[in-house]
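File shown: data-v1.pdb (PDB, C-alpha atoms, pLDDT in the B column).
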ATOM      1  CA  TYR Y   1     -35.689  -3.030 -47.468  1.00 49.00           C
ATOM      2  CA  GLY Y   2     -34.320  -1.035 -50.331  1.00 63.00           C
ATOM      3  CA  CYS Y   3     -37.202   1.378 -50.473  1.00 78.00           C
ATOM      4  CA  ILE Y   4     -36.967   4.946 -51.626  1.00 81.00           C
ATOM      5  CA  PRO Y   5     -39.698   7.231 -50.335  1.00 82.00           C
ATOM      6  CA  GLY Y   6     -41.714   8.826 -53.094  1.00 84.00           C
ATOM      7  CA  PHE Y   7     -44.008  11.754 -52.390  1.00 84.00           C
ATOM      8  CA  THR Y   8     -46.446  14.024 -54.046  1.00 86.00           C
ATOM      9  CA  VAL Y   9     -46.852  17.186 -52.026  1.00 81.00           C
ATOM     10  CA  PRO Y  10     -49.804  19.259 -53.269  1.00 78.00           C
ATOM     11  CA  ASP Y  11     -49.055  22.300 -51.092  1.00 78.00           C
ATOM     12  CA  GLY Y  12     -45.296  22.119 -51.613  1.00 75.00           C
ATOM     13  CA  HIS Y  13     -44.473  21.468 -47.949  1.00 80.00           C
ATOM     14  CA  HIS Y  14     -43.264  18.218 -46.413  1.00 81.00           C
ATOM     15  CA  THR Y  15     -43.894  17.135 -42.850  1.00 79.00           C
ATOM     16  CA  LEU Y  16     -41.000  18.195 -40.606  1.00 82.00           C
ATOM     17  CA  GLU Y  17     -39.338  19.868 -43.591  1.00 83.00           C
ATOM     18  CA  GLU Y  18     -37.406  22.177 -41.270  1.00 85.00           C
ATOM     19  CA  ILE Y  19     -35.389  19.262 -39.892  1.00 83.00           C
ATOM     20  CA  LEU Y  20     -35.577  16.510 -42.536  1.00 83.00           C
ATOM     21  CA  PRO Y  21     -33.684  16.723 -45.851  1.00 85.00           C
ATOM     22  CA  TRP Y  22     -36.507  15.321 -47.996  1.00 85.00           C
ATOM     23  CA  ALA Y  23     -34.851  16.227 -51.306  1.00 86.00           C
ATOM     24  CA  ASN Y  24     -31.772  14.211 -50.278  1.00 88.00           C
ATOM     25  CA  MET Y  25     -33.661  11.055 -49.305  1.00 87.00           C
ATOM     26  CA  SER Y  26     -36.789  10.847 -51.443  1.00 89.00           C
ATOM     27  CA  ILE Y  27     -38.261  11.283 -54.889  1.00 90.00           C
ATOM     28  CA  MET Y  28     -40.761  14.091 -55.399  1.00 89.00           C
ATOM     29  CA  VAL Y  29     -43.398  13.418 -58.061  1.00 89.00           C
ATOM     30  CA  SER Y  30     -46.031  15.936 -59.045  1.00 88.00           C
ATOM     31  CA  GLN Y  31     -49.637  14.780 -59.021  1.00 88.00           C
ATOM     32  CA  ALA Y  32     -49.729  15.243 -62.789  1.00 90.00           C
ATOM     33  CA  ARG Y  33     -46.907  12.675 -63.152  1.00 91.00           C
ATOM     34  CA  LEU Y  34     -48.188   9.986 -60.743  1.00 91.00           C
ATOM     35  CA  ALA Y  35     -49.184   7.696 -63.627  1.00 94.00           C
ATOM     36  CA  GLN Y  36     -45.511   7.715 -64.654  1.00 94.00           C
ATOM     37  CA  LEU Y  37     -44.257   6.710 -61.176  1.00 90.00           C
ATOM     38  CA  PRO Y  38     -43.018   3.213 -62.161  1.00 90.00           C
ATOM     39  CA  ALA Y  39     -40.934   4.677 -65.007  1.00 93.00           C
ATOM     40  CA  ILE Y  40     -39.656   7.489 -62.748  1.00 92.00           C
ATOM     41  CA  LEU Y  41     -38.501   4.974 -60.136  1.00 90.00           C
ATOM     42  CA  ARG Y  42     -36.874   2.713 -62.756  1.00 91.00           C
ATOM     43  CA  ALA Y  43     -34.936   5.739 -64.038  1.00 93.00           C
ATOM     44  CA  VAL Y  44     -33.267   6.346 -60.665  1.00 92.00           C
ATOM     45  CA  SER Y  45     -29.617   5.357 -61.108  1.00 93.00           C
ATOM     46  CA  PRO Y  46     -28.111   2.766 -58.753  1.00 91.00           C
ATOM     47  CA  ARG Y  47     -25.723   5.427 -57.423  1.00 93.00           C
ATOM     48  CA  ARG Y  48     -28.556   7.886 -56.619  1.00 93.00           C
ATOM     49  CA  ARG Y  49     -30.652   5.068 -55.134  1.00 91.00           C
ATOM     50  CA  ALA Y  50     -27.752   4.215 -52.799  1.00 91.00           C
ATOM     51  CA  ARG Y  51     -27.390   7.893 -51.756  1.00 91.00           C
ATOM     52  CA  LEU Y  52     -31.135   8.225 -51.086  1.00 91.00           C
ATOM     53  CA  ARG Y  53     -31.181   5.041 -49.009  1.00 89.00           C
ATOM     54  CA  ALA Y  54     -28.077   6.063 -47.061  1.00 87.00           C
ATOM     55  CA  LYS Y  55     -29.606   9.422 -46.156  1.00 87.00           C
ATOM     56  CA  LEU Y  56     -32.925   7.789 -45.217  1.00 84.00           C
ATOM     57  CA  SER Y  57     -31.101   5.342 -42.945  1.00 82.00           C
ATOM     58  CA  CYS Y  58     -29.707   8.325 -41.029  1.00 79.00           C
ATOM     59  CA  VAL Y  59     -33.056  10.013 -40.391  1.00 82.00           C
ATOM     60  CA  TRP Y  60     -35.673   7.254 -40.162  1.00 82.00           C
ATOM     61  CA  ARG Y  61     -35.851   7.741 -36.386  1.00 82.00           C
ATOM     62  CA  ARG Y  62     -37.447  11.144 -36.974  1.00 84.00           C
ATOM     63  CA  LEU Y  63     -40.270   9.401 -38.855  1.00 83.00           C
ATOM     64  CA  TRP Y  64     -41.259   6.950 -36.109  1.00 85.00           C
ATOM     65  CA  PHE Y  65     -43.074   7.871 -32.870  1.00 87.00           C
ATOM     66  CA  SER Y  66     -40.997   5.615 -30.615  1.00 88.00           C
ATOM     67  CA  SER Y  67     -41.898   7.712 -27.566  1.00 87.00           C
ATOM     68  CA  VAL Y  68     -45.541   6.826 -28.275  1.00 86.00           C
ATOM     69  CA  TYR Y  69     -45.424   3.336 -29.830  1.00 87.00           C
ATOM     70  CA  GLY Y  70     -42.140   2.037 -28.438  1.00 85.00           C
ATOM     71  CA  SER Y  71     -38.715   1.459 -29.863  1.00 85.00           C
ATOM     72  CA  CYS Y  72     -38.205  -0.657 -32.987  1.00 82.00           C
ATOM     73  CA  LEU Y  73     -34.453  -1.154 -32.841  1.00 83.00           C
ATOM     74  CA  GLY Y  74     -33.461   0.316 -29.497  1.00 82.00           C
ATOM     75  CA  GLU Y  75     -33.482   3.903 -30.754  1.00 81.00           C
ATOM     76  CA  ASP Y  76     -33.567   6.814 -28.339  1.00 82.00           C
ATOM     77  CA  PRO Y  77     -37.159   8.101 -28.087  1.00 80.00           C
ATOM     78  CA  SER Y  78     -35.849  11.633 -27.468  1.00 82.00           C
ATOM     79  CA  THR Y  79     -34.994  11.877 -31.186  1.00 83.00           C
ATOM     80  CA  ASP Y  80     -38.256  10.536 -32.608  1.00 87.00           C
ATOM     81  CA  ALA Y  81     -41.008  12.094 -34.720  1.00 87.00           C
ATOM     82  CA  PHE Y  82     -42.747  13.568 -31.676  1.00 90.00           C
ATOM     83  CA  ASP Y  83     -39.563  15.313 -30.562  1.00 89.00           C
ATOM     84  CA  GLY Y  84     -39.046  16.565 -34.113  1.00 88.00           C
ATOM     85  CA  LEU Y  85     -42.614  17.847 -34.303  1.00 89.00           C
ATOM     86  CA  MET Y  86     -42.225  19.724 -31.004  1.00 90.00           C
ATOM     87  CA  HIS Y  87     -38.962  21.233 -32.266  1.00 88.00           C
ATOM     88  CA  VAL Y  88     -40.552  22.375 -35.537  1.00 88.00           C
ATOM     89  CA  LEU Y  89     -43.602  23.847 -33.779  1.00 89.00           C
ATOM     90  CA  SER Y  90     -41.339  25.697 -31.348  1.00 89.00           C
ATOM     91  CA  GLN Y  91     -39.320  27.112 -34.257  1.00 88.00           C
ATOM     92  CA  ARG Y  92     -42.462  28.172 -36.097  1.00 85.00           C
ATOM     93  CA  ARG Y  93     -43.881  29.839 -32.990  1.00 85.00           C
ATOM     94  CA  HIS Y  94     -40.621  31.716 -32.420  1.00 86.00           C
ATOM     95  CA  LEU Y  95     -40.534  32.886 -36.048  1.00 85.00           C
ATOM     96  CA  ALA Y  96     -44.201  33.923 -35.929  1.00 82.00           C
ATOM     97  CA  ARG Y  97     -43.612  36.002 -32.806  1.00 83.00           C
ATOM     98  CA  ARG Y  98     -40.556  37.695 -34.318  1.00 84.00           C
ATOM     99  CA  SER Y  99     -42.390  38.484 -37.550  1.00 82.00           C
ATOM    100  CA  GLY Y 100     -45.462  39.892 -35.823  1.00 77.00           C
ATOM    101  CA  PHE Y 101     -47.914  37.254 -37.061  1.00 70.00           C
ATOM    102  CA  PRO Y 102     -50.955  37.029 -34.780  1.00 67.00           C
ATOM    103  CA  GLN Y 103     -50.878  34.144 -32.354  1.00 63.00           C
ATOM    104  CA  PHE Y 104     -53.250  31.220 -32.798  1.00 58.00           C
ATOM    105  CA  VAL Y 105     -56.392  31.651 -30.787  1.00 57.00           C
ATOM    106  CA  LEU Y 106     -59.051  29.036 -30.171  1.00 52.00           C
ATOM    107  CA  PRO Y 107     -62.625  30.093 -30.871  1.00 53.00           C
ATOM    108  CA  GLN Y 108     -64.759  30.686 -27.798  1.00 53.00           C
ATOM    109  CA  THR Y 109     -66.617  27.427 -28.480  1.00 53.00           C
ATOM    110  CA  CYS Y 110     -63.352  25.435 -28.264  1.00 47.00           C
ATOM    111  CA  GLY Y 111     -62.478  26.375 -24.715  1.00 44.00           C
ATOM    112  CA  ALA Y 112     -60.945  29.841 -25.001  1.00 42.00           C
ATOM    113  CA  GLY Y 113     -61.160  31.393 -21.588  1.00 44.00           C
ATOM    114  CA  GLU Y 114     -60.433  28.023 -19.988  1.00 46.00           C
ATOM    115  CA  GLY Y 115     -56.650  28.246 -19.695  1.00 45.00           C
ATOM    116  CA  PHE Y 116     -55.996  28.951 -23.370  1.00 40.00           C
ATOM    117  CA  PRO Y 117     -54.475  32.207 -24.586  1.00 44.00           C
ATOM    118  CA  ARG Y 118     -56.955  34.632 -26.020  1.00 42.00           C
ATOM    119  CA  ARG Y 119     -56.504  37.540 -28.393  1.00 42.00           C
ATOM    120  CA  ALA Y 120     -56.816  40.914 -26.758  1.00 43.00           C
ATOM    121  CA  HIS Y 121     -58.519  43.754 -28.565  1.00 42.00           C
ATOM    122  CA  GLY Y 122     -56.574  46.773 -29.708  1.00 42.00           C
ATOM    123  CA  LYS Y 123     -52.854  46.920 -28.974  1.00 42.00           C
ATOM    124  CA  GLU Y 124     -53.113  44.924 -25.748  1.00 41.00           C
ATOM    125  CA  LYS Y 125     -50.883  41.822 -25.811  1.00 41.00           C
ATOM    126  CA  LEU Y 126     -52.030  38.227 -25.465  1.00 40.00           C
ATOM    127  CA  ARG Y 127     -52.455  37.109 -21.908  1.00 39.00           C
ATOM    128  CA  ASP Y 128     -53.475  33.881 -20.318  1.00 40.00           C
ATOM    129  CA  SER Y 129     -57.146  33.885 -19.409  1.00 40.00           C
ATOM    130  CA  HIS Y 130     -56.196  33.024 -15.822  1.00 42.00           C
ATOM    131  CA  SER Y 131     -53.860  36.017 -15.531  1.00 43.00           C
ATOM    132  CA  PRO Y 132     -55.501  38.968 -13.795  1.00 47.00           C
ATOM    133  CA  SER Y 133     -56.248  42.006 -15.929  1.00 48.00           C
ATOM    134  CA  LYS Y 134     -55.097  45.501 -14.887  1.00 50.00           C
ATOM    135  CA  ALA Y 135     -58.522  46.158 -13.391  1.00 50.00           C
ATOM    136  CA  GLU Y 136     -58.464  42.863 -11.473  1.00 46.00           C
ATOM    137  CA  ARG Y 137     -54.955  43.520 -10.097  1.00 47.00           C
ATOM    138  CA  HIS Y 138     -55.996  46.926  -8.658  1.00 50.00           C
ATOM    139  CA  HIS Y 139     -58.916  45.479  -6.663  1.00 50.00           C
TER
END
As a first step, turn the structure in this file into structure tokens.
Amino acid sequence: YGCIPGFTVPDGHHTLEEILPWANMSIMVSQARLAQLPAILRAVSPRRRARLRAKLSCVWRRLWFSSVYGSCLGEDPSTDAFDGLMHVLSQRRHLARRSGFPQFVLPQTCGAGEGFPRRAHGKEKLRDSHSPSKAERHH
């Protein structure tokens, strides 16, 4: 115990960053400064170390897949990493729809047309491949 998460994030985005306060519970170190990591960690004051650990102790459940691997300490699996991931993906999908970003579409070779949404051509909206088209509904 007593760890402080340290991360290097090349693309600037943390996993589950929409729901986890990474800056309040971990140390971010650029790839260029990784060789200095021991000195960076030694420079963390005892007060900051205590704050980082306290925040981590509040959110660790979101980092463990207890609904998949089982509970460690009797935690509720409905607040685990899987639940957090589903929440984040739902948020991202909602934001993408509101902003007009095109929806994700699987290539034909990955099963599109087999129950997956497919992109319509022109201004036609996405529809499930099992939903009848206008022409199919009129027959």
Report the closest atom pair, with its distance in Å rounded to one decimal, for each residue of stretch 34-88 of chain Y that has an atom no farther than 12 Å from stretch 6-29 of chain Y; count only C-alpha atoms, sort by chain and then rising residue number, and write it as JSON lines.
{"residue": "Y:Leu34", "atom": "CA", "partner": "Y:Val29", "partner_atom": "CA", "distance": 6.5}
{"residue": "Y:Ala35", "atom": "CA", "partner": "Y:Val29", "partner_atom": "CA", "distance": 9.9}
{"residue": "Y:Gln36", "atom": "CA", "partner": "Y:Val29", "partner_atom": "CA", "distance": 9.0}
{"residue": "Y:Leu37", "atom": "CA", "partner": "Y:Val29", "partner_atom": "CA", "distance": 7.4}
{"residue": "Y:Pro38", "atom": "CA", "partner": "Y:Gly6", "partner_atom": "CA", "distance": 10.7}
{"residue": "Y:Ala39", "atom": "CA", "partner": "Y:Val29", "partner_atom": "CA", "distance": 11.4}
{"residue": "Y:Ile40", "atom": "CA", "partner": "Y:Val29", "partner_atom": "CA", "distance": 8.4}
{"residue": "Y:Leu41", "atom": "CA", "partner": "Y:Ile27", "partner_atom": "CA", "distance": 8.2}
{"residue": "Y:Arg42", "atom": "CA", "partner": "Y:Ile27", "partner_atom": "CA", "distance": 11.7}
{"residue": "Y:Ala43", "atom": "CA", "partner": "Y:Ile27", "partner_atom": "CA", "distance": 11.2}
{"residue": "Y:Val44", "atom": "CA", "partner": "Y:Ile27", "partner_atom": "CA", "distance": 9.1}
{"residue": "Y:Arg48", "atom": "CA", "partner": "Y:Met25", "partner_atom": "CA", "distance": 9.5}
{"residue": "Y:Arg49", "atom": "CA", "partner": "Y:Met25", "partner_atom": "CA", "distance": 8.9}
{"residue": "Y:Ala50", "atom": "CA", "partner": "Y:Met25", "partner_atom": "CA", "distance": 9.7}
{"residue": "Y:Arg51", "atom": "CA", "partner": "Y:Met25", "partner_atom": "CA", "distance": 7.4}
{"residue": "Y:Leu52", "atom": "CA", "partner": "Y:Met25", "partner_atom": "CA", "distance": 4.2}
{"residue": "Y:Arg53", "atom": "CA", "partner": "Y:Met25", "partner_atom": "CA", "distance": 6.5}
{"residue": "Y:Ala54", "atom": "CA", "partner": "Y:Met25", "partner_atom": "CA", "distance": 7.8}
{"residue": "Y:Lys55", "atom": "CA", "partner": "Y:Met25", "partner_atom": "CA", "distance": 5.4}
{"residue": "Y:Leu56", "atom": "CA", "partner": "Y:Met25", "partner_atom": "CA", "distance": 5.3}
{"residue": "Y:Ser57", "atom": "CA", "partner": "Y:Met25", "partner_atom": "CA", "distance": 8.9}
{"residue": "Y:Cys58", "atom": "CA", "partner": "Y:Met25", "partner_atom": "CA", "distance": 9.6}
{"residue": "Y:Val59", "atom": "CA", "partner": "Y:Leu20", "partner_atom": "CA", "distance": 7.3}
{"residue": "Y:Trp60", "atom": "CA", "partner": "Y:Leu20", "partner_atom": "CA", "distance": 9.6}
{"residue": "Y:Arg61", "atom": "CA", "partner": "Y:Leu20", "partner_atom": "CA", "distance": 10.7}
{"residue": "Y:Arg62", "atom": "CA", "partner": "Y:Leu20", "partner_atom": "CA", "distance": 8.0}
{"residue": "Y:Leu63", "atom": "CA", "partner": "Y:Leu16", "partner_atom": "CA", "distance": 9.0}
{"residue": "Y:Thr79", "atom": "CA", "partner": "Y:Ile19", "partner_atom": "CA", "distance": 11.4}
{"residue": "Y:Asp80", "atom": "CA", "partner": "Y:Leu16", "partner_atom": "CA", "distance": 11.4}
{"residue": "Y:Ala81", "atom": "CA", "partner": "Y:Leu16", "partner_atom": "CA", "distance": 8.5}
{"residue": "Y:Phe82", "atom": "CA", "partner": "Y:Leu16", "partner_atom": "CA", "distance": 10.2}
{"residue": "Y:Asp83", "atom": "CA", "partner": "Y:Leu16", "partner_atom": "CA", "distance": 10.5}
{"residue": "Y:Gly84", "atom": "CA", "partner": "Y:Leu16", "partner_atom": "CA", "distance": 7.0}
{"residue": "Y:Leu85", "atom": "CA", "partner": "Y:Leu16", "partner_atom": "CA", "distance": 6.5}
{"residue": "Y:Met86", "atom": "CA", "partner": "Y:Leu16", "partner_atom": "CA", "distance": 9.8}
{"residue": "Y:His87", "atom": "CA", "partner": "Y:Ile19", "partner_atom": "CA", "distance": 8.6}
{"residue": "Y:Val88", "atom": "CA", "partner": "Y:Glu18", "partner_atom": "CA", "distance": 6.5}
Distance of atom CA of Y:Gln91 from atom CA of Y:Cys72, expressed in Å to one decimal place: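 Result for atom CA of Y:Cys72 versus atom CA of Y:Gln91: 27.8 Å, one decimal.
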Interatomic distance (Å, one decimal) between atom CA of Y:Phe65 and atom CA of Y:Pro77: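 One can read the atom CA of Y:Phe65 to atom CA of Y:Pro77 distance as 7.6 Å.
Separating atom CA of Y:Cys3 from atom CA of Y:Trp64 is a distance of 15.9 Å.
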